[in-house]
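**Q** My structure is stored as input.cif, with mmCIF, C-alpha atoms.
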data_model
loop_
_atom_site.group_PDB
_atom_site.id
_atom_site.type_symbol
_atom_site.label_atom_id
_atom_site.label_comp_id
_atom_site.auth_asym_id
_atom_site.auth_seq_id
_atom_site.Cartn_x
_atom_site.Cartn_y
_atom_site.Cartn_z
ATOM 1 C CA MET A 13 17.764 -28.127 4.809
ATOM 2 C CA GLY A 14 14.107 -27.402 5.633
ATOM 3 C CA ALA A 15 11.657 -26.220 3.013
ATOM 4 C CA LEU A 16 10.901 -22.519 2.783
ATOM 5 C CA HIS A 17 7.337 -21.371 3.081
ATOM 6 C CA MET A 18 6.117 -17.803 2.724
ATOM 7 C CA GLU A 19 3.223 -16.065 4.411
ATOM 8 C CA PRO A 20 0.843 -14.023 2.247
ATOM 9 C CA GLN A 21 1.778 -10.360 1.897
ATOM 10 C CA SER A 22 -1.126 -7.884 1.942
ATOM 11 C CA ASP A 23 -2.047 -4.431 3.192
ATOM 12 C CA LEU A 24 -4.814 -5.169 5.671
ATOM 13 C CA SER A 25 -7.071 -2.704 7.397
ATOM 14 C CA PRO A 26 -6.963 -2.742 11.229
ATOM 15 C CA ALA A 27 -10.459 -4.262 11.255
ATOM 16 C CA THR A 28 -9.370 -7.101 8.979
ATOM 17 C CA GLU A 29 -6.196 -7.713 10.993
ATOM 18 C CA LYS A 30 -8.315 -8.004 14.130
ATOM 19 C CA LEU A 31 -10.881 -10.347 12.614
ATOM 20 C CA LEU A 32 -8.190 -12.612 11.153
ATOM 21 C CA GLY A 33 -6.703 -13.131 14.616
ATOM 22 C CA SER A 34 -7.511 -16.463 16.231
ATOM 23 C CA ALA A 35 -9.591 -14.919 19.034
ATOM 24 C CA GLU A 36 -11.817 -12.789 16.799
ATOM 25 C CA PHE A 37 -12.003 -15.038 13.746
ATOM 26 C CA GLN A 38 -15.414 -16.161 12.486
ATOM 27 C CA LEU A 39 -15.899 -17.930 9.167
ATOM 28 C CA ASP A 40 -19.254 -16.184 8.666
ATOM 29 C CA ASP A 41 -17.350 -12.918 8.171
ATOM 30 C CA TRP A 42 -16.156 -14.178 4.778
ATOM 31 C CA PRO A 43 -19.342 -15.179 2.905
ATOM 32 C CA VAL A 44 -17.582 -14.834 -0.472
ATOM 33 C CA PHE A 45 -15.051 -17.477 0.545
ATOM 34 C CA LEU A 46 -17.778 -19.800 1.839
ATOM 35 C CA ALA A 47 -19.752 -19.409 -1.389
ATOM 36 C CA SER A 48 -16.589 -20.048 -3.438
ATOM 37 C CA CYS A 49 -16.009 -23.308 -1.553
ATOM 38 C CA GLU A 50 -19.544 -24.447 -2.343
ATOM 39 C CA ARG A 51 -19.067 -23.616 -6.036
ATOM 40 C CA ALA A 52 -15.693 -25.370 -6.200
ATOM 41 C CA VAL A 53 -17.028 -28.583 -4.683
ATOM 42 C CA GLU A 54 -20.105 -28.606 -6.931
ATOM 43 C CA LEU A 55 -17.933 -27.955 -10.006
ATOM 44 C CA PHE A 56 -15.538 -30.749 -9.072
ATOM 45 C CA GLY A 57 -18.434 -33.177 -8.740
ATOM 46 C CA ARG A 58 -19.756 -32.329 -12.195
ATOM 47 C CA MET A 59 -16.378 -32.442 -13.927
ATOM 48 C CA PHE A 60 -14.963 -35.568 -12.303
ATOM 49 C CA GLY A 61 -18.345 -37.258 -12.588
ATOM 50 C CA LYS A 62 -18.224 -36.805 -16.370
ATOM 51 C CA LEU A 63 -14.818 -38.464 -16.426
ATOM 52 C CA VAL A 64 -15.840 -41.559 -14.443
ATOM 53 C CA GLY A 65 -19.330 -41.784 -15.911
ATOM 54 C CA VAL A 66 -21.450 -41.235 -12.825
ATOM 55 C CA ASP A 67 -23.238 -38.306 -11.190
ATOM 56 C CA ILE A 68 -21.194 -37.160 -8.189
ATOM 57 C CA ALA A 69 -23.149 -34.890 -5.865
ATOM 58 C CA MET A 70 -20.338 -33.392 -3.806
ATOM 59 C CA GLU A 71 -21.106 -31.167 -0.836
ATOM 60 C CA VAL A 72 -19.200 -29.281 1.842
ATOM 61 C CA VAL A 73 -19.797 -31.130 5.098
ATOM 62 C CA GLU A 74 -17.603 -29.080 7.416
ATOM 63 C CA ILE A 75 -15.435 -25.957 7.489
ATOM 64 C CA VAL A 76 -13.387 -25.658 10.672
ATOM 65 C CA ASN A 77 -10.540 -23.458 11.849
ATOM 66 C CA GLY A 78 -7.719 -23.872 14.346
ATOM 67 C CA PRO A 79 -3.933 -24.317 14.528
ATOM 68 C CA ALA A 80 -2.487 -25.729 11.314
ATOM 69 C CA SER A 81 -1.040 -28.684 13.211
ATOM 70 C CA GLU A 82 -4.535 -29.732 14.328
ATOM 71 C CA MET A 83 -6.016 -29.298 10.849
ATOM 72 C CA VAL A 84 -3.300 -31.429 9.215
ATOM 73 C CA ASP A 85 -3.083 -34.040 11.994
ATOM 74 C CA ALA A 86 -6.831 -34.674 11.614
ATOM 75 C CA LEU A 87 -6.250 -36.004 8.082
ATOM 76 C CA ARG A 88 -6.289 -39.790 7.898
ATOM 77 C CA PRO A 89 -3.672 -41.698 5.859
ATOM 78 C CA GLY A 90 -4.097 -40.708 2.250
ATOM 79 C CA MET A 91 -2.684 -38.683 -0.625
ATOM 80 C CA ARG A 92 -1.799 -35.019 -0.344
ATOM 81 C CA MET A 93 -0.791 -32.317 -2.777
ATOM 82 C CA LEU A 94 0.829 -28.955 -2.087
ATOM 83 C CA VAL A 95 -0.527 -26.390 -4.525
ATOM 84 C CA PRO A 96 1.386 -23.090 -4.625
ATOM 85 C CA ALA A 97 -0.883 -20.064 -5.037
ATOM 86 C CA GLN A 98 1.493 -17.810 -6.933
ATOM 87 C CA GLU A 99 -0.660 -14.707 -6.595
ATOM 88 C CA TRP A 100 -0.948 -15.201 -2.828
ATOM 89 C CA ASP A 101 2.691 -16.141 -2.031
ATOM 90 C CA HIS A 102 1.312 -19.138 -0.239
ATOM 91 C CA SER A 103 0.378 -22.799 -0.740
ATOM 92 C CA ILE A 104 -2.824 -24.690 -0.059
ATOM 93 C CA MET A 105 -2.869 -28.379 0.813
ATOM 94 C CA LEU A 106 -5.311 -30.734 -0.916
ATOM 95 C CA TYR A 107 -6.043 -34.188 0.460
ATOM 96 C CA THR A 108 -8.015 -37.299 -0.409
ATOM 97 C CA THR A 109 -8.329 -40.621 1.397
ATOM 98 C CA ARG A 110 -6.828 -43.923 0.260
ATOM 99 C CA GLN A 111 -10.350 -45.280 -0.096
ATOM 100 C CA SER A 112 -11.235 -42.413 -2.444
ATOM 101 C CA ALA A 113 -8.153 -43.220 -4.552
ATOM 102 C CA PHE A 114 -9.239 -46.874 -4.676
ATOM 103 C CA VAL A 115 -12.773 -45.905 -5.768
ATOM 104 C CA ALA A 116 -11.488 -43.496 -8.430
ATOM 105 C CA ALA A 117 -9.123 -46.121 -9.836
ATOM 106 C CA ASP A 118 -11.911 -48.695 -9.958
ATOM 107 C CA ARG A 119 -14.259 -46.276 -11.767
ATOM 108 C CA LEU A 120 -11.571 -45.267 -14.279
ATOM 109 C CA LEU A 121 -10.965 -48.944 -15.065
ATOM 110 C CA GLY A 122 -14.649 -49.445 -15.789
ATOM 111 C CA GLY A 123 -15.665 -50.868 -12.426
ATOM 112 C CA GLY A 124 -18.650 -49.944 -10.302
ATOM 113 C CA GLY A 125 -16.757 -48.098 -7.575
ATOM 114 C CA SER A 126 -17.321 -50.808 -4.973
ATOM 115 C CA ILE A 127 -15.191 -50.676 -1.823
ATOM 116 C CA ASP A 128 -15.721 -54.363 -0.966
ATOM 117 C CA ALA A 129 -12.146 -55.203 -1.964
ATOM 118 C CA TYR A 130 -10.642 -52.156 -0.247
ATOM 119 C CA ASP A 131 -8.150 -52.912 2.537
ATOM 120 C CA ALA A 132 -7.188 -49.965 4.754
ATOM 121 C CA THR A 133 -3.925 -51.650 5.716
ATOM 122 C CA THR A 134 -2.709 -51.964 2.129
ATOM 123 C CA GLN A 135 -0.584 -49.259 0.549
ATOM 124 C CA CYS A 136 -1.924 -47.638 -2.606
ATOM 125 C CA THR A 137 -0.543 -48.814 -5.930
ATOM 126 C CA ASN A 138 1.169 -46.386 -8.287
ATOM 127 C CA PHE A 139 -1.949 -46.370 -10.440
ATOM 128 C CA GLU A 140 -4.162 -45.496 -7.463
ATOM 129 C CA ILE A 141 -1.774 -42.687 -6.490
ATOM 130 C CA SER A 142 -1.972 -41.382 -10.071
ATOM 131 C CA CYS A 143 -5.773 -41.486 -9.895
ATOM 132 C CA ALA A 144 -5.651 -39.583 -6.602
ATOM 133 C CA GLY A 145 -3.386 -37.021 -8.258
ATOM 134 C CA LEU A 146 -5.858 -36.640 -11.113
ATOM 135 C CA MET A 147 -8.688 -36.075 -8.619
ATOM 136 C CA LEU A 148 -6.703 -33.455 -6.721
ATOM 137 C CA ARG A 149 -5.813 -31.672 -9.971
ATOM 138 C CA PHE A 150 -9.513 -31.545 -10.828
ATOM 139 C CA PHE A 151 -10.164 -30.168 -7.340
ATOM 140 C CA ALA A 152 -7.420 -27.528 -7.726
ATOM 141 C CA ALA A 153 -8.859 -26.465 -11.090
ATOM 142 C CA ALA A 154 -12.343 -26.188 -9.574
ATOM 143 C CA VAL A 155 -11.010 -24.073 -6.691
ATOM 144 C CA GLU A 156 -9.137 -21.848 -9.159
ATOM 145 C CA SER A 157 -12.259 -21.418 -11.281
ATOM 146 C CA SER A 158 -14.478 -20.541 -8.311
ATOM 147 C CA LEU A 159 -12.042 -17.947 -6.919
ATOM 148 C CA THR A 160 -10.761 -16.339 -10.124
ATOM 149 C CA SER A 161 -13.467 -13.685 -10.294
ATOM 150 C CA VAL A 162 -12.770 -12.399 -6.759
ATOM 151 C CA ALA A 163 -9.121 -13.198 -6.008
ATOM 152 C CA ASN A 164 -7.193 -15.125 -8.650
ATOM 153 C CA PRO A 165 -4.857 -17.436 -6.677
ATOM 154 C CA GLY A 166 -2.755 -18.635 -9.617
ATOM 155 C CA LEU A 167 -2.737 -22.266 -8.465
ATOM 156 C CA VAL A 168 0.036 -24.563 -9.729
ATOM 157 C CA PRO A 169 -0.656 -28.187 -8.657
ATOM 158 C CA GLY A 170 2.356 -30.122 -7.412
ATOM 159 C CA PRO A 171 2.959 -33.878 -7.259
ATOM 160 C CA CYS A 172 0.634 -36.216 -5.387
ATOM 161 C CA GLU A 173 2.352 -37.645 -2.316
ATOM 162 C CA GLU A 174 1.425 -39.626 0.766
ATOM 163 C CA PRO A 175 3.796 -38.068 3.323
ATOM 164 C CA ILE A 176 3.881 -34.253 3.354
ATOM 165 C CA THR A 177 5.306 -32.795 6.548
ATOM 166 C CA LEU A 178 3.688 -29.793 8.192
ATOM 167 C CA GLU A 179 6.941 -27.837 7.882
ATOM 168 C CA ARG A 180 6.632 -27.868 4.096
ATOM 169 C CA PHE A 181 3.232 -26.244 4.391
ATOM 170 C CA CYS A 182 3.375 -23.715 7.235
ATOM 171 C CA GLY A 183 4.221 -23.232 10.893
ATOM 172 C CA ALA A 184 2.532 -25.559 13.381
ATOM 173 C CA SER A 185 0.743 -22.781 15.274
ATOM 174 C CA ALA A 186 -0.376 -20.773 12.232
ATOM 175 C CA PRO A 187 -4.191 -20.318 12.240
ATOM 176 C CA ALA A 188 -5.624 -22.432 9.427
ATOM 177 C CA ILE A 189 -8.915 -23.504 7.869
ATOM 178 C CA ALA A 190 -9.931 -26.982 6.716
ATOM 179 C CA VAL A 191 -12.729 -27.372 4.157
ATOM 180 C CA ARG A 192 -13.996 -30.963 4.157
ATOM 181 C CA CYS A 193 -16.316 -32.305 1.501
ATOM 182 C CA LYS A 194 -17.560 -35.658 0.293
ATOM 183 C CA SER A 195 -19.933 -37.495 -1.978
ATOM 184 C CA SER A 196 -22.493 -39.778 -0.424
ATOM 185 C CA ALA A 197 -23.240 -41.545 -3.707
ATOM 186 C CA PRO A 198 -22.808 -45.291 -3.030
ATOM 187 C CA GLU A 199 -21.293 -45.878 -6.480
ATOM 188 C CA CYS A 200 -18.569 -43.237 -6.023
ATOM 189 C CA LYS A 201 -17.737 -42.397 -2.414
ATOM 190 C CA ILE A 202 -15.095 -39.668 -2.491
ATOM 191 C CA GLU A 203 -13.715 -37.461 0.283
ATOM 192 C CA LEU A 204 -11.645 -34.319 -0.248
ATOM 193 C CA THR A 205 -10.149 -31.709 2.074
ATOM 194 C CA MET A 206 -8.549 -28.330 1.415
ATOM 195 C CA VAL A 207 -6.358 -26.737 4.103
ATOM 196 C CA LEU A 208 -5.230 -23.110 3.897
ATOM 197 C CA LEU A 209 -4.082 -20.370 6.251
ATOM 198 C CA GLN A 210 -6.644 -17.971 7.702
ATOM 199 C CA SER A 211 -4.553 -15.004 6.573
ATOM 200 C CA VAL A 212 -5.169 -16.001 2.937
ATOM 201 C CA LEU A 213 -8.780 -14.844 3.324
ATOM 202 C CA ALA A 214 -7.513 -11.265 3.181
ATOM 203 C CA ALA A 215 -6.994 -11.844 -0.559
ATOM 204 C CA VAL A 216 -10.714 -12.561 -0.946
ATOM 205 C CA GLY A 217 -11.675 -9.120 0.361
ATOM 206 C CA GLU A 218 -12.609 -7.235 3.475
ATOM 207 C CA PRO A 219 -14.698 -9.202 5.992
ATOM 208 C CA PHE A 220 -18.432 -8.666 6.251
ATOM 209 C CA ARG A 221 -18.034 -7.397 9.829
ATOM 210 C CA GLY A 222 -15.256 -5.006 8.755
ATOM 211 C CA SER A 223 -17.732 -2.400 7.534
ATOM 212 C CA GLU A 224 -19.347 -0.285 10.235
ATOM 213 C CA GLN A 225 -22.232 0.721 7.986
ATOM 214 C CA GLU A 226 -24.301 -1.599 5.863
ATOM 215 C CA ALA A 227 -24.422 -0.579 2.232
ATOM 216 C CA SER A 228 -27.871 -0.302 0.744
ATOM 217 C CA ASN A 229 -28.788 -3.013 -1.746
ATOM 218 C CA ASP A 230 -31.196 -0.661 -3.533
ATOM 219 C CA LEU A 231 -29.715 1.050 -6.588
ATOM 220 C CA ASP A 232 -31.332 4.143 -8.090
ATOM 221 C CA PRO A 233 -33.297 2.899 -11.180
ATOM 222 C CA LYS A 234 -32.041 5.764 -13.354
ATOM 223 C CA TRP A 235 -28.434 5.084 -12.394
ATOM 224 C CA GLN A 236 -28.909 1.348 -12.956
ATOM 225 C CA LYS A 237 -30.319 1.981 -16.440
ATOM 226 C CA HIS A 238 -27.419 4.287 -17.258
ATOM 227 C CA ILE A 239 -24.897 1.635 -16.187
ATOM 228 C CA GLU A 240 -26.620 -1.013 -18.310
ATOM 229 C CA GLN A 241 -26.565 1.258 -21.368
ATOM 230 C CA GLN A 242 -22.882 2.036 -20.915
ATOM 231 C CA LEU A 243 -22.017 -1.662 -20.511
ATOM 232 C CA ARG A 244 -23.837 -2.576 -23.726
ATOM 233 C CA GLN A 245 -21.881 0.064 -25.638
ATOM 234 C CA ALA A 246 -18.496 -1.150 -24.364
ATOM 235 C CA ASP A 247 -16.041 -2.463 -26.973
ATOM 236 C CA VAL A 248 -14.844 -6.059 -26.705
ATOM 237 C CA ASN A 249 -12.110 -7.942 -28.566
ATOM 238 C CA LEU A 250 -13.256 -10.880 -30.692
ATOM 239 C CA THR A 251 -10.622 -13.380 -31.868
ATOM 240 C CA ALA A 252 -11.066 -16.451 -34.104
ATOM 241 C CA ILE A 253 -8.517 -19.198 -33.399
ATOM 242 C CA LEU A 254 -8.190 -21.859 -36.091
ATOM 243 C CA ASP A 255 -5.777 -24.237 -34.383
ATOM 244 C CA GLY A 256 -2.635 -24.470 -32.316
ATOM 245 C CA GLY A 257 -0.124 -26.897 -30.917
ATOM 246 C CA VAL A 258 3.023 -27.244 -28.855
ATOM 247 C CA LEU A 259 6.655 -27.247 -29.890
ATOM 248 C CA THR A 260 10.059 -26.821 -28.299
ATOM 249 C CA LEU A 261 11.893 -23.513 -28.070
ATOM 250 C CA ASP A 262 14.662 -25.105 -30.139
ATOM 251 C CA ARG A 263 12.272 -25.721 -33.069
ATOM 252 C CA LEU A 264 10.852 -22.228 -32.696
ATOM 253 C CA ALA A 265 14.336 -20.729 -32.907
ATOM 254 C CA ARG A 266 14.979 -22.626 -36.180
ATOM 255 C CA PHE A 267 11.941 -21.297 -38.048
ATOM 256 C CA GLN A 268 12.791 -19.643 -41.358
ATOM 257 C CA VAL A 269 10.992 -17.320 -43.745
ATOM 258 C CA GLY A 270 8.923 -19.390 -46.165
ATOM 259 C CA GLN A 271 8.708 -22.423 -43.894
ATOM 260 C CA LEU A 272 5.287 -24.099 -43.792
ATOM 261 C CA LEU A 273 3.599 -25.072 -40.519
ATOM 262 C CA GLU A 274 1.170 -27.928 -40.947
ATOM 263 C CA LEU A 275 -1.877 -27.672 -38.696
ATOM 264 C CA PRO A 276 -4.004 -30.710 -37.813
ATOM 265 C CA SER A 277 -7.205 -28.810 -38.655
ATOM 266 C CA GLY A 278 -8.870 -29.228 -42.029
ATOM 267 C CA PRO A 279 -11.351 -27.112 -43.989
ATOM 268 C CA GLY A 280 -14.257 -28.507 -41.980
ATOM 269 C CA SER A 281 -12.695 -28.043 -38.550
ATOM 270 C CA LEU A 282 -14.374 -25.868 -35.957
ATOM 271 C CA VAL A 283 -12.908 -22.460 -35.163
ATOM 272 C CA ASN A 284 -12.782 -21.270 -31.557
ATOM 273 C CA VAL A 285 -14.117 -17.715 -31.156
ATOM 274 C CA VAL A 286 -12.756 -15.976 -28.053
ATOM 275 C CA CYS A 287 -14.152 -12.764 -26.568
ATOM 276 C CA ASN A 288 -11.796 -10.883 -24.228
ATOM 277 C CA GLY A 289 -10.012 -14.117 -23.377
ATOM 278 C CA GLN A 290 -13.215 -16.084 -22.774
ATOM 279 C CA SER A 291 -14.051 -18.955 -25.130
ATOM 280 C CA LEU A 292 -17.475 -18.119 -26.543
ATOM 281 C CA LEU A 293 -18.456 -19.942 -29.758
ATOM 282 C CA ARG A 294 -17.540 -22.783 -32.113
ATOM 283 C CA CYS A 295 -17.825 -21.806 -35.790
ATOM 284 C CA ARG A 296 -17.219 -23.149 -39.297
ATOM 285 C CA LEU A 297 -14.776 -21.249 -41.496
ATOM 286 C CA GLY A 298 -15.916 -20.346 -45.002
ATOM 287 C CA GLN A 299 -15.712 -17.723 -47.732
ATOM 288 C CA SER A 300 -18.182 -15.208 -49.110
ATOM 289 C CA ASP A 301 -17.411 -12.628 -51.834
ATOM 290 C CA GLY A 302 -13.688 -13.241 -51.396
ATOM 291 C CA ALA A 303 -13.690 -12.706 -47.626
ATOM 292 C CA PHE A 304 -13.433 -15.220 -44.813
ATOM 293 C CA VAL A 305 -16.655 -15.707 -42.854
ATOM 294 C CA LEU A 306 -17.659 -17.696 -39.757
ATOM 295 C CA ARG A 307 -20.887 -19.627 -39.325
ATOM 296 C CA VAL A 308 -21.868 -20.204 -35.698
ATOM 297 C CA GLU A 309 -22.312 -23.929 -34.964
ATOM 298 C CA ARG A 310 -22.727 -23.973 -31.203
ATOM 299 C CA ASN A 311 -21.828 -22.321 -27.940
ATOM 300 C CA THR A 312 -18.645 -23.346 -26.216
ATOM 301 C CA ASN A 313 -19.034 -26.293 -23.835
ATOM 302 C CA GLU A 314 -16.817 -25.023 -21.026
ATOM 303 C CA GLU A 315 -17.377 -28.066 -18.843
ATOM 304 C CA GLN A 316 -16.204 -30.513 -21.514
ATOM 305 C CA GLU A 317 -13.198 -28.336 -22.353
ATOM 306 C CA PHE A 318 -12.397 -28.193 -18.650
ATOM 307 C CA VAL A 319 -12.258 -31.997 -18.551
ATOM 308 C CA ASP A 320 -10.269 -32.234 -21.793
ATOM 309 C CA GLU A 321 -7.618 -29.793 -20.572
ATOM 310 C CA LEU A 322 -7.126 -31.681 -17.324
ATOM 311 C CA LEU A 323 -6.891 -35.004 -19.119
ATOM 312 C CA ALA A 324 -4.349 -33.540 -21.518
ATOM 313 C CA ALA A 325 -2.296 -32.297 -18.566
ATOM 314 C CA GLU A 326 -2.265 -35.845 -17.210
ATOM 315 C CA GLY A 327 -1.328 -37.315 -20.601
ATOM 316 C CA LEU A 328 -4.707 -39.032 -20.930
ATOM 317 C CA GLY A 329 -6.257 -36.834 -23.582
ATOM 318 C CA ARG A 330 -5.521 -35.820 -27.140
ATOM 319 C CA ARG A 331 -2.408 -33.722 -27.542
ATOM 320 C CA THR A 332 -1.500 -31.939 -30.752
ATOM 321 C CA ASP A 333 2.193 -31.401 -31.556
ATOM 322 C CA PHE A 334 3.708 -29.539 -34.458
ATOM 323 C CA GLN A 335 5.655 -31.999 -36.578
#
Please, can you express the file's structure as structure tokens?
**A**
Amino acid sequence: MGALHMEPQSDLSPATEKLLGSAEFQLDDWPVFLASCERAVELFGRMFGKLVGVDIAMEVVEIVNGPASEMVDALRPGMRMLVPAQEWDHSIMLYTTRQSAFVAADRLLGGGGSIDAYDATTQCTNFEISCAGLMLRFFAAAVESSLTSVANPGLVPGPCEEPITLERFCGASAPAIAVRCKSSAPECKIELTMVLLQSVLAAVGEPFRGSEQEASNDLDPKWQKHIEQQLRQADVNLTAILDGGVLTLDRLARFQVGQLLELPSGPGSLVNVVCNGQSLLRCRLGQSDGAFVLRVERNTNEEQEFVDELLAAEGLGRRTDFQ
């Protein structure tokens, strides 16, 4: 039985419907999407570069559109990953070359990323496929991060595979977009591609050409000052999180009144301070006049936490379990 794929559901204006059609479509009509691609690629380079110990200057080298069959057929042999976008009722396809998987594996093993020993006719080892999967998960996380502020896709990375048929992704004639990027650094040559349907761009917002009148960029100074004052007076929720862990639902169901939960943190551990869901500060917990107090130690390093979370998801980082 063939795999089921769903097209994105959205209420589009007639102008957007027209511009998303293959005849009228122009990528320049979606500058927010183009900017998000640039941010995602740059973020991936920084994050994955920290993992392998080298600066990776990734850049978008090409964004093309056409029938999905052409976009997918243009991909050379390599590893692919279908990533469902739960908020879009759609999937995107991520891809990296076999050579990129070889380079990533070599860097993760402490090598210099040389491709001298690479053989295009040789199948990737399980370890190289795992490294490719790690790269694509980093890429998916970077895409999610770059799009969250405008159109949260809710990406859920799937397994890394070599053969993924077009039918599992979308119809052959569906208009699609391919975003191709690479690093030219000789010590870490990596290529990545993201393929998605044109219709998904409706989730990013109305096209630039969809508005018949250009909005003025000049804001009345008095109104701007009023907005700034109101924003500064807005209430926010501040939460201090001492520690946490994972446990099974079975253990949770067997908790009893009076039972002690042992946390890995000690008196000198850092406390994570979260503001409206955003990690903000790292603090030390203490006491003053019988009340708990927090002393700010440093700002949150979001990039390092980003890497740590991905490594933990791959089973490569530290994981804390309740005993």
**Q** Compile the contact shell of range 132-142 of chain A as a VMD selection string: residues with an atom at most 6 Å away, counting only C-alpha atoms, same-chain residues fewer than 2 positions apart removed.
**A** chain A and resid 113 to 114 117 144 to 145
**Q** Could you state which residues are captured by the PyMOL selection byres ((chain A and resi 150) around 10) in this file, as number ranges by chain?
**A** A: 52, 55-57, 59-60, 144-149, 151-156, 169, 318-319, 322-323
**Q** Specify as a count of residues only each residue included when the PyMOL selection byres ((chain A and resi 190-195) around 9) is applied to this file.
**A** 32
**Q** Figure out the distance between CA of Gln242 in chain A and CA of Cys295 in chain A, please, to one decimal in Å.
**A**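 A separation of 28.6 Å between them.
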**Q** Evaluated on this file, the PyMOL selection byres ((chain A and resi 45) around 10) picks out some residues - which ones are they, written as a list of chain:residue names?
**A**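 After applying the PyMOL selection byres ((chain A and resi 45) around 10), what remains is A:Leu39, A:Asp40, A:Asp41, A:Trp42, A:Pro43, A:Val44, A:Leu46, A:Ala47, A:Ser48, A:Cys49, A:Glu50, A:Arg51, A:Ser158, A:Leu159, A:Val162, A:Ala163, A:Leu213, A:Ala215, A:Val216, A:Gly217, A:Pro219.
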**Q** Choose the residue, out of A:Gly298, A:Pro187, A:Gly256, A:Pro165, that has the smallest atom-to-atom separation from Pro276 in chain A; count all atoms listed in the file.
**A**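 Checking each of A:Gly298, A:Pro187, A:Gly256, A:Pro165 against Pro276 in chain A, counting all atoms listed in the file, the winner is A:Gly256.
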**Q** Counting all atoms listed in the file, write as a ChimeraX atom specification all protein and nucleic acid residues lying at most 7 Å from (-1.1, -24.0, 2.1) in the file's frame.
**A** /A:94,102-105,181-182,207-209
**Q** One decimal, Å: what's the distance from CA of Leu259 in chain A over to CA of Val168 in chain A, could you say?
**A**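 Between CA of Leu259 in chain A and CA of Val168 in chain A the gap works out to 21.4 Å.
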**Q** Within 12 Å of range 176-179 of chain A, counting only C-alpha atoms, which residues qualify if same-chain residues fewer than 4 places away don't, as a ChimeraX atom specification?
**A** /A:13-18,79-85,87,89-95,103-107,170-172,183-186,188,207-208
